[in-house]
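Data file: my_file_33.txt. Format and content: compact mmCIF, C-alpha atoms.
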```
# COMPACT_ATOMS: atom_id res chain seq x y z
CA MET B 26 0.00 0.00 0.00
CA PRO B 27 1.40 3.38 -0.95
CA GLY B 28 2.00 5.94 1.75
CA ASN B 29 -0.88 8.06 2.94
CA PRO B 30 0.69 11.36 3.97
CA TRP B 31 -1.22 13.97 5.98
CA PHE B 32 -0.40 16.55 3.38
CA ASP B 33 0.93 16.18 -0.10
CA TRP B 34 1.77 19.18 -2.22
CA SER B 35 1.82 17.08 -5.36
CA TRP B 36 -1.88 16.32 -4.83
CA VAL B 37 -2.55 20.05 -4.81
CA THR B 38 -0.64 20.68 -8.04
CA ALA B 39 -2.12 17.63 -9.73
CA ASN B 40 -5.66 18.60 -8.78
CA ALA B 41 -5.37 22.36 -8.98
CA GLU B 42 -8.29 22.56 -11.36
CA VAL B 43 -10.87 20.84 -9.18
CA LEU B 44 -9.49 22.55 -6.09
CA THR B 45 -9.96 25.96 -7.71
CA LEU B 46 -13.43 25.04 -8.90
CA ARG B 47 -14.56 23.89 -5.44
CA THR B 48 -12.99 26.90 -3.73
CA TRP B 49 -14.73 29.18 -6.19
CA GLN B 50 -18.10 27.45 -5.56
CA HIS B 51 -17.48 27.69 -1.83
CA LEU B 52 -16.63 31.39 -2.06
CA LEU B 53 -19.64 32.30 -4.20
CA LEU B 54 -22.01 30.33 -2.00
CA THR B 55 -20.65 32.01 1.15
CA LEU B 56 -20.78 35.52 -0.30
CA GLU B 57 -24.26 35.05 -1.70
CA ALA B 58 -25.59 33.62 1.58
CA VAL B 59 -24.11 36.38 3.72
CA ALA B 60 -25.22 39.11 1.31
CA ILE B 61 -28.81 37.86 1.24
CA ALA B 62 -28.81 37.46 5.02
CA ALA B 63 -27.48 40.99 5.49
CA ALA B 64 -30.04 42.41 3.06
CA ILE B 65 -32.76 40.92 5.26
CA ALA B 66 -31.24 41.28 8.73
CA VAL B 67 -30.16 44.93 8.71
CA PRO B 68 -33.46 46.45 7.48
CA LEU B 69 -35.41 44.12 9.74
CA ALA B 70 -33.34 45.16 12.74
CA LEU B 71 -33.84 48.83 11.85
CA LEU B 72 -37.59 48.27 11.67
CA VAL B 73 -37.98 46.55 15.00
CA VAL B 74 -35.30 48.29 17.06
CA ARG B 75 -37.70 50.75 18.64
CA ARG B 76 -40.21 48.05 19.56
CA ARG B 77 -38.38 46.33 22.38
CA ARG B 78 -40.77 43.49 22.96
CA LEU B 79 -40.98 42.59 19.28
CA ALA B 80 -37.18 42.74 19.03
CA ALA B 81 -36.79 40.42 22.04
CA GLY B 82 -39.29 38.03 20.47
CA ILE B 83 -37.43 37.95 17.15
CA VAL B 84 -34.11 37.31 18.89
CA GLY B 85 -35.76 34.50 20.87
CA VAL B 86 -37.10 32.84 17.73
CA ALA B 87 -33.70 33.23 16.08
CA ALA B 88 -32.00 31.56 19.06
CA VAL B 89 -34.39 28.60 18.86
CA ALA B 90 -33.91 28.22 15.11
CA TYR B 91 -30.14 28.30 15.59
CA THR B 92 -30.29 25.03 17.55
CA VAL B 93 -31.61 23.10 14.54
CA PRO B 94 -28.59 21.05 13.46
CA SER B 95 -27.21 22.05 10.06
CA LEU B 96 -27.17 18.43 8.94
CA ALA B 97 -30.91 18.18 9.59
CA LEU B 98 -31.74 21.57 8.10
CA PHE B 99 -30.04 20.79 4.79
CA ALA B 100 -31.61 17.35 4.76
CA ILE B 101 -35.09 18.70 5.50
CA LEU B 102 -34.83 21.41 2.84
CA ALA B 103 -33.60 19.01 0.18
CA PRO B 104 -36.87 17.18 -0.52
CA VAL B 105 -38.68 20.54 -0.76
CA LEU B 106 -36.15 22.50 -2.80
CA GLY B 107 -34.48 19.65 -4.63
CA ILE B 108 -30.95 18.29 -4.27
CA GLY B 109 -28.08 20.66 -4.97
CA ARG B 110 -27.25 24.28 -4.45
CA THR B 111 -30.60 25.77 -3.41
CA PRO B 112 -31.17 23.94 -0.10
CA VAL B 113 -27.60 24.68 0.98
CA LEU B 114 -27.94 28.35 0.10
CA VAL B 115 -31.26 28.66 1.94
CA GLY B 116 -29.86 26.86 4.99
CA LEU B 117 -26.76 29.06 5.08
CA VAL B 118 -28.89 32.20 4.75
CA VAL B 119 -30.96 31.08 7.74
CA TYR B 120 -27.93 30.57 9.98
CA ALA B 121 -26.18 33.77 8.86
CA LEU B 122 -29.43 35.68 9.31
CA LEU B 123 -29.63 34.66 12.95
CA VAL B 124 -26.09 35.77 13.76
CA LEU B 125 -26.49 39.05 11.90
CA LEU B 126 -29.86 39.88 13.36
CA ARG B 127 -28.68 39.38 16.93
CA GLN B 128 -25.49 41.40 16.44
CA THR B 129 -27.19 44.23 14.57
CA LEU B 130 -29.98 44.56 17.12
CA ALA B 131 -27.48 44.51 19.98
CA GLY B 132 -25.47 47.22 18.23
CA LEU B 133 -28.50 49.39 17.49
CA GLN B 134 -29.77 49.08 21.04
CA SER B 135 -26.47 49.87 22.72
CA VAL B 136 -26.26 53.39 21.31
CA ASP B 137 -25.64 55.97 24.05
CA PRO B 138 -29.06 57.37 25.09
CA ALA B 139 -27.49 60.82 25.48
CA VAL B 140 -26.56 60.79 21.79
CA LEU B 141 -30.11 59.81 20.83
CA ASP B 142 -31.45 62.59 23.05
CA ALA B 143 -29.13 65.11 21.48
CA ALA B 144 -30.23 64.05 18.00
CA ARG B 145 -33.87 64.41 18.99
CA GLY B 146 -33.05 67.78 20.53
CA VAL B 147 -31.65 69.08 17.24
CA GLY B 148 -34.96 68.15 15.66
CA TYR B 149 -34.32 64.72 14.08
CA GLY B 150 -37.44 62.67 13.51
CA PRO B 151 -37.62 58.97 14.54
CA ALA B 152 -36.62 57.73 11.09
CA GLN B 153 -33.69 60.14 10.91
CA VAL B 154 -32.50 59.10 14.36
CA THR B 155 -32.57 55.47 13.29
CA VAL B 156 -30.81 55.90 9.97
CA LEU B 157 -28.47 58.83 10.66
CA VAL B 158 -27.55 58.16 14.30
CA ARG B 159 -28.24 54.59 15.31
CA LEU B 160 -27.02 52.93 12.12
CA PRO B 161 -23.56 54.56 12.00
CA ALA B 162 -23.14 54.00 15.73
CA ALA B 163 -24.02 50.33 15.29
CA LEU B 164 -21.69 49.88 12.32
CA PRO B 165 -18.87 48.23 14.31
CA ALA B 166 -21.34 45.70 15.72
CA VAL B 167 -22.73 45.05 12.23
CA VAL B 168 -19.22 44.51 10.87
CA SER B 169 -18.33 42.12 13.67
CA GLY B 170 -21.60 40.29 13.01
CA LEU B 171 -20.70 40.07 9.31
CA ARG B 172 -17.27 38.67 10.18
CA LEU B 173 -18.77 36.09 12.52
CA ALA B 174 -21.44 35.12 10.00
CA THR B 175 -18.98 34.87 7.11
CA VAL B 176 -16.47 32.73 8.97
CA SER B 177 -19.16 30.38 10.29
CA THR B 178 -20.74 30.17 6.86
CA VAL B 179 -17.44 29.09 5.32
CA ALA B 180 -17.28 26.22 7.82
CA LEU B 181 -20.95 25.35 7.55
CA THR B 182 -20.93 25.14 3.77
CA THR B 183 -18.94 21.90 4.03
CA VAL B 184 -21.93 20.16 5.63
CA GLY B 185 -23.82 20.82 2.38
CA VAL B 186 -22.11 17.69 1.11
CA ILE B 187 -25.09 15.74 2.49
CA VAL B 188 -27.27 17.17 -0.26
CA GLY B 189 -24.52 17.09 -2.85
CA TYR B 190 -23.28 20.67 -2.87
CA GLY B 191 -20.66 21.31 -0.20
CA GLY B 192 -17.97 23.23 -2.10
CA LEU B 193 -14.72 22.21 -0.45
CA GLY B 194 -16.71 19.81 1.75
CA GLN B 195 -17.22 17.83 -1.43
CA LEU B 196 -13.46 17.22 -1.62
CA MET B 197 -13.30 16.30 2.06
CA PHE B 198 -16.00 13.67 1.76
CA GLU B 199 -14.60 12.43 -1.55
CA GLY B 200 -11.23 11.95 0.13
CA PHE B 201 -12.90 10.11 2.99
CA ARG B 202 -14.65 7.69 0.67
CA ASN B 203 -11.66 7.41 -1.62
CA ASN B 204 -9.74 5.08 0.68
CA PHE B 205 -9.24 7.76 3.35
CA HIS B 206 -7.07 9.89 1.12
CA ARG B 207 -5.71 12.25 3.78
CA ALA B 208 -3.98 14.65 1.40
CA GLU B 209 -7.28 15.48 -0.25
CA ILE B 210 -9.08 16.10 3.06
CA SER B 211 -6.23 18.21 4.46
CA ALA B 212 -5.87 20.27 1.31
CA ALA B 213 -9.59 21.03 1.31
CA THR B 214 -9.50 21.87 5.03
CA LEU B 215 -6.57 24.23 4.59
CA ALA B 216 -8.27 25.87 1.63
CA CYS B 217 -11.34 26.34 3.80
CA LEU B 218 -9.34 27.97 6.61
CA LEU B 219 -7.48 30.16 4.14
CA LEU B 220 -10.73 31.27 2.54
CA ALA B 221 -12.21 32.16 5.93
CA PHE B 222 -9.06 34.01 6.92
CA VAL B 223 -8.95 36.08 3.72
CA LEU B 224 -12.64 36.98 3.92
CA ASP B 225 -12.31 37.84 7.61
CA ALA B 226 -9.33 40.09 6.95
CA ALA B 227 -11.13 41.79 4.06
CA LEU B 228 -14.18 42.51 6.23
CA TRP B 229 -11.98 43.74 9.07
CA ALA B 230 -10.24 46.17 6.71
CA THR B 231 -13.56 47.34 5.26
CA GLY B 232 -14.94 47.89 8.73
CA ARG B 233 -11.87 49.91 9.68
CA ALA B 234 -12.18 52.05 6.59
CA LEU B 235 -15.90 52.65 7.24
CA THR B 236 -15.52 53.67 10.88
CA PRO B 237 -12.60 56.10 11.04
CA TRP B 238 -13.88 57.51 14.35
CA ALA B 239 -13.52 54.17 16.13
CA ARG B 240 -9.82 53.97 15.31
CA ARG B 241 -8.64 56.72 17.63
CA ARG B 242 -10.09 55.03 20.69
CA ALA B 243 -8.44 51.66 20.10
CA MET I 53 -44.42 18.58 2.11
CA ASN I 54 -47.57 17.45 3.99
CA ASP I 55 -46.47 13.91 3.37
CA VAL I 56 -43.12 14.58 4.99
CA VAL I 57 -44.70 16.09 8.10
CA GLY I 58 -47.20 13.22 8.31
CA ASP I 59 -44.41 10.68 7.96
CA ALA I 60 -42.41 12.43 10.66
CA LEU I 61 -45.34 12.36 13.07
CA ARG I 62 -46.08 8.74 12.28
CA TYR I 63 -42.45 7.87 12.87
CA LEU I 64 -42.35 9.71 16.19
CA ASN I 65 -45.67 8.20 17.24
CA ASP I 66 -44.45 4.61 16.97
CA PRO I 67 -43.52 3.38 20.48
CA LEU I 68 -41.23 0.70 19.08
CA VAL I 69 -39.13 3.36 17.34
CA TRP I 70 -38.38 4.77 20.77
CA THR I 71 -37.94 1.70 22.94
CA ARG I 72 -36.26 -0.91 20.75
CA PRO I 73 -32.53 -1.50 21.30
CA GLY I 74 -30.76 1.19 19.26
CA GLY I 75 -34.03 3.13 19.21
CA LEU I 76 -34.52 6.80 19.88
CA LEU I 77 -34.10 6.48 23.66
CA ASP I 78 -30.78 4.67 23.25
CA LEU I 79 -29.61 7.16 20.64
CA THR I 80 -30.56 10.12 22.84
CA GLY I 81 -28.62 8.59 25.73
CA GLN I 82 -25.61 8.15 23.45
CA HIS I 83 -26.01 11.68 22.19
CA LEU I 84 -25.97 13.11 25.71
CA LEU I 85 -23.02 10.94 26.78
CA MET I 86 -20.99 12.09 23.76
CA THR I 87 -21.89 15.70 24.54
CA LEU I 88 -20.83 15.27 28.15
CA ALA I 89 -17.53 13.67 27.17
CA ALA I 90 -16.73 16.37 24.61
CA VAL I 91 -17.56 19.30 26.89
CA ALA I 92 -15.86 17.76 29.93
CA GLY I 93 -12.68 17.13 27.94
CA ALA I 94 -12.68 20.63 26.49
CA ALA I 95 -13.46 22.20 29.88
CA ALA I 96 -10.60 20.35 31.58
CA VAL I 97 -8.16 22.12 29.25
CA ALA I 98 -9.90 25.38 28.39
CA LEU I 99 -11.24 26.57 31.75
CA PRO I 100 -7.95 26.55 33.72
CA LEU I 101 -6.07 27.98 30.75
CA GLY I 102 -8.64 30.72 30.20
CA ALA I 103 -8.73 31.60 33.90
CA TRP I 104 -4.95 31.78 34.05
CA LEU I 105 -4.70 33.93 30.90
CA GLY I 106 -7.37 36.23 32.28
CA HIS I 107 -5.58 36.44 35.61
CA ALA I 108 -2.26 37.23 33.95
CA GLY I 109 -4.02 39.71 31.66
CA ARG I 110 -2.28 38.28 28.64
CA GLY I 111 -3.28 36.75 25.36
CA SER I 112 -6.58 38.54 24.67
CA GLY I 113 -5.60 39.22 21.07
CA LEU I 114 -4.44 35.66 20.64
CA LEU I 115 -7.70 34.36 22.09
CA VAL I 116 -9.80 36.39 19.67
CA ALA I 117 -7.70 35.14 16.77
CA ILE I 118 -8.00 31.52 17.93
CA SER I 119 -11.73 31.65 18.50
CA ASN I 120 -12.31 33.33 15.12
CA THR I 121 -10.18 30.84 13.22
CA SER I 122 -11.64 27.87 15.04
CA ARG I 123 -15.07 28.86 13.78
CA ALA I 124 -13.82 28.40 10.26
CA LEU I 125 -12.39 24.98 11.00
CA PRO I 126 -15.10 22.66 9.71
CA THR I 127 -16.02 20.05 12.34
CA LEU I 128 -16.74 17.74 9.43
CA ALA I 129 -13.09 17.97 8.37
CA ILE I 130 -11.81 17.07 11.84
CA ILE I 131 -14.14 14.08 12.05
CA LEU I 132 -13.12 12.83 8.62
CA LEU I 133 -9.39 13.38 9.27
CA LEU I 134 -9.60 11.47 12.54
CA ALA I 135 -11.46 8.71 10.74
CA THR I 136 -8.58 8.33 8.30
CA ALA I 137 -6.32 7.84 11.32
CA GLY I 138 -8.48 4.89 12.34
CA LEU I 139 -10.59 6.77 14.88
CA PHE I 140 -14.12 6.16 13.67
CA GLY I 141 -17.48 7.36 14.72
CA ASN I 142 -18.03 8.27 18.32
CA THR I 143 -14.44 8.84 19.48
CA ALA I 144 -13.69 11.01 16.48
CA THR I 145 -16.85 13.02 16.96
CA VAL I 146 -16.22 13.56 20.66
CA ILE I 147 -12.73 14.86 19.90
CA ALA I 148 -13.98 17.08 17.07
CA ALA I 149 -16.82 18.46 19.18
CA GLY I 150 -14.34 19.08 22.01
CA VAL I 151 -12.11 21.07 19.64
CA PHE I 152 -15.20 22.99 18.61
CA ALA I 153 -16.28 23.69 22.22
CA ALA I 154 -12.89 24.59 23.68
CA PRO I 155 -12.63 28.16 22.27
CA LEU I 156 -16.10 29.03 23.59
CA LEU I 157 -15.13 27.86 27.08
CA LEU I 158 -11.73 29.51 26.84
CA ALA I 159 -13.31 32.84 25.93
CA GLY I 160 -15.88 32.53 28.74
CA ALA I 161 -13.25 31.81 31.38
CA HIS I 162 -10.90 34.51 30.12
CA ASP I 163 -13.54 37.23 29.84
CA GLY I 164 -15.03 36.25 33.19
CA VAL I 165 -11.79 36.54 35.11
CA ARG I 166 -10.74 39.60 33.11
CA SER I 167 -13.97 41.44 33.87
CA ALA I 168 -13.67 41.03 37.65
CA ASP I 169 -13.92 44.45 39.29
CA PRO I 170 -10.34 45.82 39.61
CA ALA I 171 -11.34 47.37 42.97
CA ALA I 172 -12.21 43.93 44.35
CA ARG I 173 -8.88 42.60 43.05
CA ASP I 174 -7.01 45.51 44.62
CA ALA I 175 -8.82 45.12 47.92
CA ALA I 176 -7.90 41.42 48.05
CA ARG I 177 -4.28 42.25 47.32
CA GLY I 178 -4.36 44.92 50.02
CA LEU I 179 -5.61 42.34 52.50
CA GLY I 180 -2.49 40.33 51.77
CA PHE I 181 -3.97 37.63 49.48
CA THR I 182 -1.38 35.72 47.48
CA PRO I 183 -1.85 35.88 43.67
CA ALA I 184 -3.26 32.34 43.73
CA ALA I 185 -5.75 33.32 46.44
CA VAL I 186 -6.76 36.41 44.46
CA LEU I 187 -7.50 34.20 41.47
CA TRP I 188 -9.20 31.44 43.42
CA ARG I 189 -11.16 33.35 46.05
CA VAL I 190 -11.98 36.62 44.28
CA GLU I 191 -11.70 36.41 40.50
CA VAL I 192 -13.11 32.91 40.01
CA PRO I 193 -16.32 33.50 42.04
CA LEU I 194 -16.84 36.79 40.21
CA ALA I 195 -16.29 35.04 36.89
CA VAL I 196 -18.96 32.39 37.48
CA PRO I 197 -21.79 34.09 35.54
CA LEU I 198 -19.71 34.51 32.36
CA VAL I 199 -18.14 31.06 32.67
CA ALA I 200 -21.57 29.52 33.16
CA ALA I 201 -22.86 31.36 30.10
CA GLY I 202 -19.89 30.04 28.10
CA VAL I 203 -20.52 26.48 29.27
CA ARG I 204 -24.20 26.76 28.39
CA THR I 205 -23.48 28.00 24.86
CA ALA I 206 -20.82 25.35 24.38
CA VAL I 207 -23.05 22.48 25.52
CA VAL I 208 -25.96 23.54 23.31
CA GLN I 209 -23.71 23.97 20.28
CA VAL I 210 -22.14 20.56 20.89
CA VAL I 211 -25.56 18.91 21.10
CA ALA I 212 -26.32 20.45 17.71
CA THR I 213 -22.93 19.38 16.27
CA ILE I 214 -22.83 15.74 17.40
CA PRO I 215 -25.25 14.68 14.59
CA LEU I 216 -22.33 15.06 12.16
CA ALA I 217 -20.97 11.85 13.74
CA ALA I 218 -23.38 9.90 11.59
CA LEU I 219 -21.44 10.88 8.45
CA ALA I 220 -18.45 8.91 9.76
CA GLY I 221 -20.39 5.96 11.12
CA GLY I 222 -20.99 7.25 14.64
CA GLY I 223 -24.01 7.07 16.89
CA GLY I 224 -26.31 9.64 18.45
CA LEU I 225 -29.44 11.13 16.93
CA GLY I 226 -27.59 12.01 13.72
CA GLN I 227 -28.04 8.35 12.75
CA VAL I 228 -31.77 8.94 12.37
CA ILE I 229 -31.10 11.83 9.98
CA SER I 230 -28.43 10.21 7.90
CA LEU I 231 -30.28 6.88 7.70
CA GLY I 232 -33.43 8.71 6.62
CA MET I 233 -31.46 10.64 4.01
CA GLY I 234 -29.85 7.46 2.71
CA THR I 235 -33.17 5.66 2.36
CA GLN I 236 -35.03 8.77 1.12
CA ARG I 237 -37.42 8.70 4.09
CA TYR I 238 -37.59 12.43 4.54
CA GLY I 239 -40.19 12.19 7.30
CA GLN I 240 -37.58 10.41 9.37
CA VAL I 241 -35.04 13.10 8.50
CA LEU I 242 -37.44 15.79 9.68
CA ALA I 243 -38.18 13.79 12.84
CA GLY I 244 -34.45 13.51 13.58
CA GLY I 245 -33.92 17.21 13.06
CA LEU I 246 -36.84 18.07 15.32
CA LEU I 247 -35.56 15.70 18.00
CA VAL I 248 -32.11 17.28 18.03
CA ALA I 249 -33.58 20.78 18.17
CA ALA I 250 -35.90 19.74 21.01
CA LEU I 251 -32.98 18.18 22.86
CA CYS I 252 -31.01 21.42 22.45
CA LEU I 253 -33.84 23.48 23.89
CA LEU I 254 -34.32 21.07 26.77
CA VAL I 255 -30.61 21.08 27.62
CA ASP I 256 -30.53 24.87 27.33
CA GLY I 257 -33.46 25.17 29.73
CA VAL I 258 -31.89 22.84 32.29
CA LEU I 259 -28.58 24.69 32.05
CA ALA I 260 -30.33 28.05 32.46
CA ILE I 261 -31.57 26.82 35.83
CA GLY I 262 -28.11 25.49 36.64
CA GLN I 263 -26.54 28.78 35.61
CA ARG I 264 -28.79 30.65 38.01
CA ALA I 265 -28.04 28.22 40.82
CA ALA I 266 -24.29 28.47 40.24
CA THR I 267 -24.23 32.26 40.30
CA PRO I 268 -23.38 33.67 43.75
CA ARG I 269 -26.49 35.23 45.27
CA ALA I 270 -25.06 38.74 45.30
CA LEU I 271 -24.40 38.66 41.54
CA ARG I 272 -27.88 37.54 40.48
CA ALA I 273 -29.80 40.00 38.39
CA GLY I 274 -33.49 40.12 39.20
```

Is it possible to express this structure as structure tokens?
Amino acid sequence: MPGNPWFDWSWVTANAEVLTLRTWQHLLLTLEAVAIAAAIAVPLALLVVRRRRLAAGIVGVAAVAYTVPSLALFAILAPVLGIGRTPVLVGLVVYALLVLLRQTLAGLQSVDPAVLDAARGVGYGPAQVTVLVRLPAALPAVVSGLRLATVSTVALTTVGVIVGYGGLGQLMFEGFRNNFHRAEISAATLACLLLAFVLDAALWATGRALTPWARRRA
Amino acid sequence: MNDVVGDALRYLNDPLVWTRPGGLLDLTGQHLLMTLAAVAGAAAVALPLGAWLGHAGRGSGLLVAISNTSRALPTLAIILLLATAGLFGNTATVIAAGVFAAPLLLAGAHDGVRSADPAARDAARGLGFTPAAVLWRVEVPLAVPLVAAGVRTAVVQVVATIPLAALAGGGGLGQVISLGMGTQRYGQVLAGGLLVAALCLLVDGVLAIGQRAATPRALRAG
């Protein structure tokens, strides 16, 4: 039996094409899921932020939904949405949505009441306070929510292999079935970590650029 | 879709499904045992380390980096890699879930000790407490609420992660899901998913009570 190394660079060079393809699928799926989730979570949080009880209820529901295991969620969605990309995307959106919603609401609610008072004092209406004062003040929390959601989504995508569309998870499971080919699993794992790291760094930099006022304090 | 829900209810309504050897009751027991093993193992390493780092006031940046990166480390990959090393199923899953839980516990312990009121720390030092006594008798009791919150999150997340074991031939409630998927009985898949979610909520509720009981009376809110 030939050796079964933990990592083998020659596997990477020999399979560069499929590795690139899977990474690309993984990246697109992650970005799409997080973007959709953000497009829902941020406006929703802005809408409910001033209704405390409704906001608490939404966060509660989100916390319950978060306990549904990813394996089960993908598997449940598959018979409804068909095998492949759609159930994975929908599942990822759900999980990212929960993280983003909680972070955004927490950020919007933690704005200094004195600042809100001042804004009202200068004659801002409720909508202006929300958009012009609360939203910028909550931006760091939103960015940290985006980072959290993105990194978890990268990891979660691999579980999509159960319905046949796991991006790099596809390579991991293929390696597992292919006589426990460690090099394939490790390469896919490293690619996954690298992808998460790059996306995280990019979001961090974007957040820094968007919130110049937060830099002086740190 | 109605079919799937009906099938799930029919599956859950069959007493034999629950009580037979290897049935739902057995699987739930396994599931909880695996959770316990994973969290206990992770806690044995992460809690003392986190408390010490918090006490020394070092490594916050490192901790954030570790806990962020660990989120990106797919549990599936760890389980599969361990399987290739000959560690199949339950053992592999317990280790993988432990790796997954450790950063949460580490962060809880570190933040808890770190956030102890500096005045209390100073007062203890002024009374002549040794550094170990400061950590043990002042910082650790003050850290209990955050540590307990970390443990609670970790346990619930592990309960929701253990089902992945089924992909590498392990036990626990994930078996119901993966078996249902393999035989295209989607009602069973739904039932498995619901069971795991219900178990998570139940465990969370029990731990919420435990968290309250573990918090020193003076620190309880409300």

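The residue set within 6 Å of Val165 of chain I, counting only C-alpha atoms and dropping same-chain residues fewer than 3 places from it, reads Ala103, Gly106, His162, Ala168, Glu191 and Ala195 of chain I.
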
At most 9 Å is the cut-off: for each residue in chain I with any atom that close to an atom of chain B, write down the nearest atom pair and the distance in Å rounded to one decimal, counting all atoms listed in the file, chain first then increasing number, as a tab-separated table.
```
residue	atom	partner	partner_atom	distance
I:Met53	CA	B:Val105	CA	6.7
I:Val56	CA	B:Pro104	CA	8.7
I:Asn120	CA	B:Val176	CA	7.4
I:Thr121	CA	B:Phe222	CA	7.1
I:Ser122	CA	B:Leu218	CA	8.7
I:Arg123	CA	B:Ser177	CA	5.6
I:Ala124	CA	B:Ala180	CA	4.8
I:Leu125	CA	B:Ala180	CA	6.0
I:Pro126	CA	B:Ala180	CA	4.6
I:Thr127	CA	B:Ala180	CA	7.8
I:Leu128	CA	B:Val184	CA	6.9
I:Ala129	CA	B:Thr214	CA	6.3
I:Ile130	CA	B:Thr214	CA	8.6
I:Leu132	CA	B:Phe201	CA	6.3
I:Leu133	CA	B:Arg207	CA	6.7
I:Ala135	CA	B:Phe205	CA	7.8
I:Thr136	CA	B:Phe205	CA	5.0
I:Ala137	CA	B:Phe205	CA	8.5
I:Val208	CA	B:Thr92	CA	7.4
I:Gln209	CA	B:Thr92	CA	7.2
I:Val211	CA	B:Pro94	CA	8.5
I:Ala212	CA	B:Pro94	CA	4.9
I:Thr213	CA	B:Pro94	CA	6.5
I:Ile214	CA	B:Pro94	CA	8.8
I:Pro215	CA	B:Leu96	CA	7.0
I:Leu216	CA	B:Leu96	CA	6.7
I:Leu219	CA	B:Ile187	CA	8.5
I:Ala220	CA	B:Phe201	CA	8.8
I:Gly226	CA	B:Leu96	CA	8.0
I:Ile229	CA	B:Ala97	CA	6.4
I:Ser230	CA	B:Leu96	CA	8.4
I:Met233	CA	B:Ala100	CA	6.8
I:Gln236	CA	B:Pro104	CA	8.8
I:Tyr238	CA	B:Ile101	CA	6.8
I:Gly239	CA	B:Ile101	CA	8.5
I:Val241	CA	B:Ile101	CA	6.4
I:Leu242	CA	B:Ile101	CA	5.6
I:Gly244	CA	B:Ala97	CA	7.1
I:Gly245	CA	B:Ala97	CA	4.7
I:Leu246	CA	B:Val93	CA	7.3
I:Val248	CA	B:Val93	CA	6.8
I:Ala249	CA	B:Val93	CA	4.7
I:Ala250	CA	B:Thr92	CA	8.5
I:Cys252	CA	B:Thr92	CA	6.1
I:Leu253	CA	B:Val89	CA	7.2
```

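Going from atom CA of Val146 of chain I to atom CA of Ala89 of chain I covers 6.6 Å.
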
> By how many Å are atom CA of Pro112 of chain B and atom CA of Arg47 of chain B apart?
Replying inline: 17.4 Å

> Using all atoms listed in the file, which of I:Pro197, I:Gly234, I:Gly75, I:Gly224 sits nearest Gly262 of chain I?
Replying inline: I:Pro197

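Using all atoms listed in the file for every distance, the candidate list B:Leu228, B:Val136, B:Ala121, B:Leu196 yields B:Ala121 as the residue closest to Ala58 of chain B.
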
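Using all atoms listed in the file for every distance, the candidate list I:Leu114, I:Val207, I:Leu88, I:Gln240 yields I:Val207 as the residue closest to Val255 of chain I.
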
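With all atoms listed in the file as the atoms that count, the minimum distance from Gln134 of chain B to the choices B:Gly146, B:Gly189, B:Ala216, B:Ala81 is reached by B:Ala81.
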
> Near segment 151-154 of chain I, within 6 Å and counting all atoms listed in the file, which residues show up once chain neighbours fewer than 6 positions away are dropped, as a PyMOL selection string?
Replying inline: chain I and resi 94+98+206

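Interatomic distance, atom CA of Ala212 of chain B against atom CA of Val119 of chain B: 28.1 Å.
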
>> List as a PyMOL selection string the protein and nucleic acid residues near Tyr63 of chain I, meaning an atom at most 9 Å away when all atoms listed in the file are counted, but skip any in the same chain fewer than 4 places from it.
In response: chain I and resi 58-59+67+69+239-240+243

With C-alpha atoms retained, write the just-selected residues as an mmCIF file, keeping the file's coordinate frame.
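Saved as result_16.cif:
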```
data_model
loop_
_atom_site.group_PDB
_atom_site.id
_atom_site.type_symbol
_atom_site.label_atom_id
_atom_site.label_comp_id
_atom_site.auth_asym_id
_atom_site.auth_seq_id
_atom_site.Cartn_x
_atom_site.Cartn_y
_atom_site.Cartn_z
ATOM 1 C CA GLY I 58 -47.200 13.220 8.310
ATOM 2 C CA ASP I 59 -44.410 10.680 7.960
ATOM 3 C CA PRO I 67 -43.520 3.380 20.480
ATOM 4 C CA VAL I 69 -39.130 3.360 17.340
ATOM 5 C CA GLY I 239 -40.190 12.190 7.300
ATOM 6 C CA GLN I 240 -37.580 10.410 9.370
ATOM 7 C CA ALA I 243 -38.180 13.790 12.840
#
```
